[in-house]
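Enquirer: Take a look at the following structure, please.
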Amino acid sequence: MLKLIYTETALHLELLTADLDDWIEQRLIFATNTGEPLFANAEKANFLLPEQLCEATAVNFYLHSQGVKNVTAHRCDLDRIEIGLTGYWLSTHTDSAEGIFVSQLPDRVESYLWQLWLSANSHSFASDGAIG
């Protein structure tokens, strides 16, 4: 399962071994027991990767070869590609921009996207495309 944490200032991606339905159910039970509101909605989420790290056509070819249809990769500008996922958005307010997005994909695909994310965040990519 991929877990994207959206905060006011950052985005963080985690790879979890939990089952999506079980994970969501545990969060909803916890929220109910604490009296905190928690909203879960089927949604789409996106994150960016540097074009120098991976080309959208290569990512799409890999996704297609794995039979994955609920993930997209599009070039969004000269320097970045946008990875789109379907899954569930969980937040404490219905219109919040902060929250957690979770998506269940085949293990290989999750690992592939996770490795791309780690590679992108272990290097500093300058806005002019140079790797720093």
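In the structure tokens, chains take the letters A, B, ... in the order shown, each chain's residues start at 1, and ligands count up from 1 in the order shown.
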Using only C-alpha atoms, what does the table of region 9-56 of chain A residues within 7 Å of region 69-81 of chain A look like, with each row giving the shortest atom pair and its distance in Å to one decimal, sorted by chain and ascending number, as a Markdown table?

Expert:
| residue | atom | partner | partner_atom | distance |
| --- | --- | --- | --- | --- |
| A:Leu48 | CA | A:Ile81 | CA | 5.7 |
| A:Leu49 | CA | A:Ile81 | CA | 5.4 |
| A:Pro50 | CA | A:Arg80 | CA | 4.4 |
| A:Glu51 | CA | A:Arg80 | CA | 4.6 |
| A:Ala56 | CA | A:Ala73 | CA | 5.4 |

Enquirer: Would you pick out the contacts of Ala97 (chain A) at 8 Å or less, using only C-alpha atoms, so that residues sharing its chain but fewer than 4 positions from it are not included, and give the list as an mmCIF file with C-alpha atoms, in the first residue's frame?

Expert:
data_model
loop_
_atom_site.group_PDB
_atom_site.id
_atom_site.type_symbol
_atom_site.label_atom_id
_atom_site.label_comp_id
_atom_site.auth_asym_id
_atom_site.auth_seq_id
_atom_site.Cartn_x
_atom_site.Cartn_y
_atom_site.Cartn_z
ATOM 1 C CA TYR A 6 -0.115 15.867 2.520
ATOM 2 C CA THR A 7 0.747 18.662 4.941
ATOM 3 C CA GLU A 8 0.632 22.416 4.580
#

Enquirer: Calculate how many Å separate CA of Arg108 (chain A) from CA of Ile83 (chain A), rounding to one decimal.

Expert: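 Value for the CA of Arg108 (chain A)-CA of Ile83 (chain A) distance: 15.8 Å.
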
Enquirer: Out of chain A, which residues get strand (DSSP E) from DSSP, as a short mmCIF file (atom, residue, chain, number, x, y, z; two decimals) with C-alpha atoms, in the first residue's frame?

Expert:
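The result, written out as states-v8.cif:
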data_model
loop_
_atom_site.label_atom_id
_atom_site.label_comp_id
_atom_site.auth_asym_id
_atom_site.auth_seq_id
_atom_site.Cartn_x
_atom_site.Cartn_y
_atom_site.Cartn_z
CA LEU A 2 1.25 3.48 -0.80
CA LYS A 3 0.52 6.20 1.73
CA LEU A 4 0.90 9.86 0.74
CA ILE A 5 0.85 12.36 3.59
CA TYR A 6 -0.12 15.87 2.52
CA LEU A 11 4.31 15.75 0.72
CA HIS A 12 5.72 12.49 2.04
CA LEU A 13 5.32 9.03 0.50
CA GLU A 14 5.51 5.77 2.47
CA LEU A 15 5.36 2.14 1.42
CA PHE A 39 -13.73 11.46 6.45
CA ALA A 40 -12.78 8.82 3.88
CA ASN A 41 -13.60 9.36 0.21
CA ALA A 42 -12.64 7.63 -3.02
CA GLU A 43 -10.38 10.12 -4.80
CA LYS A 44 -7.40 10.62 -7.07
CA ALA A 45 -4.06 12.02 -5.93
CA ASN A 46 -0.89 13.10 -7.70
CA PHE A 47 2.77 13.56 -6.94
CA LEU A 48 5.63 14.88 -9.02
CA LEU A 49 8.91 13.28 -10.05
CA PRO A 50 11.79 14.92 -11.92
CA VAL A 71 -2.05 4.79 -12.26
CA THR A 72 -1.08 7.43 -14.79
CA ALA A 73 2.16 9.20 -15.67
CA HIS A 74 2.10 12.45 -17.64
CA ARG A 75 4.70 15.05 -18.39
CA ARG A 80 8.62 17.02 -14.13
CA ILE A 81 6.20 14.18 -14.63
CA GLU A 82 3.03 13.75 -12.61
CA ILE A 83 2.10 10.35 -11.22
CA GLY A 84 -1.64 9.97 -10.65
CA LEU A 85 -3.16 7.34 -8.37
CA THR A 86 -6.67 6.27 -7.44
CA GLY A 87 -7.41 5.43 -3.85
CA TYR A 88 -8.87 6.98 -0.70
CA TRP A 89 -8.44 10.42 0.83
CA LEU A 90 -8.69 10.58 4.63
CA SER A 91 -8.88 13.88 6.47
CA GLY A 99 -4.61 14.58 5.02
CA ILE A 100 -3.59 11.10 4.02
CA PHE A 101 -4.12 9.40 0.69
CA VAL A 102 -3.78 5.61 0.42
CA SER A 103 -3.73 3.40 -2.65
#

Enquirer: Between A:Ser65, A:Thr94, A:Ala120, A:Gln104, which one has atoms that come closest to Leu20 (chain A), using only C-alpha atoms?

Expert: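 Using only C-alpha atoms, Leu20 (chain A) sits closest to A:Gln104.
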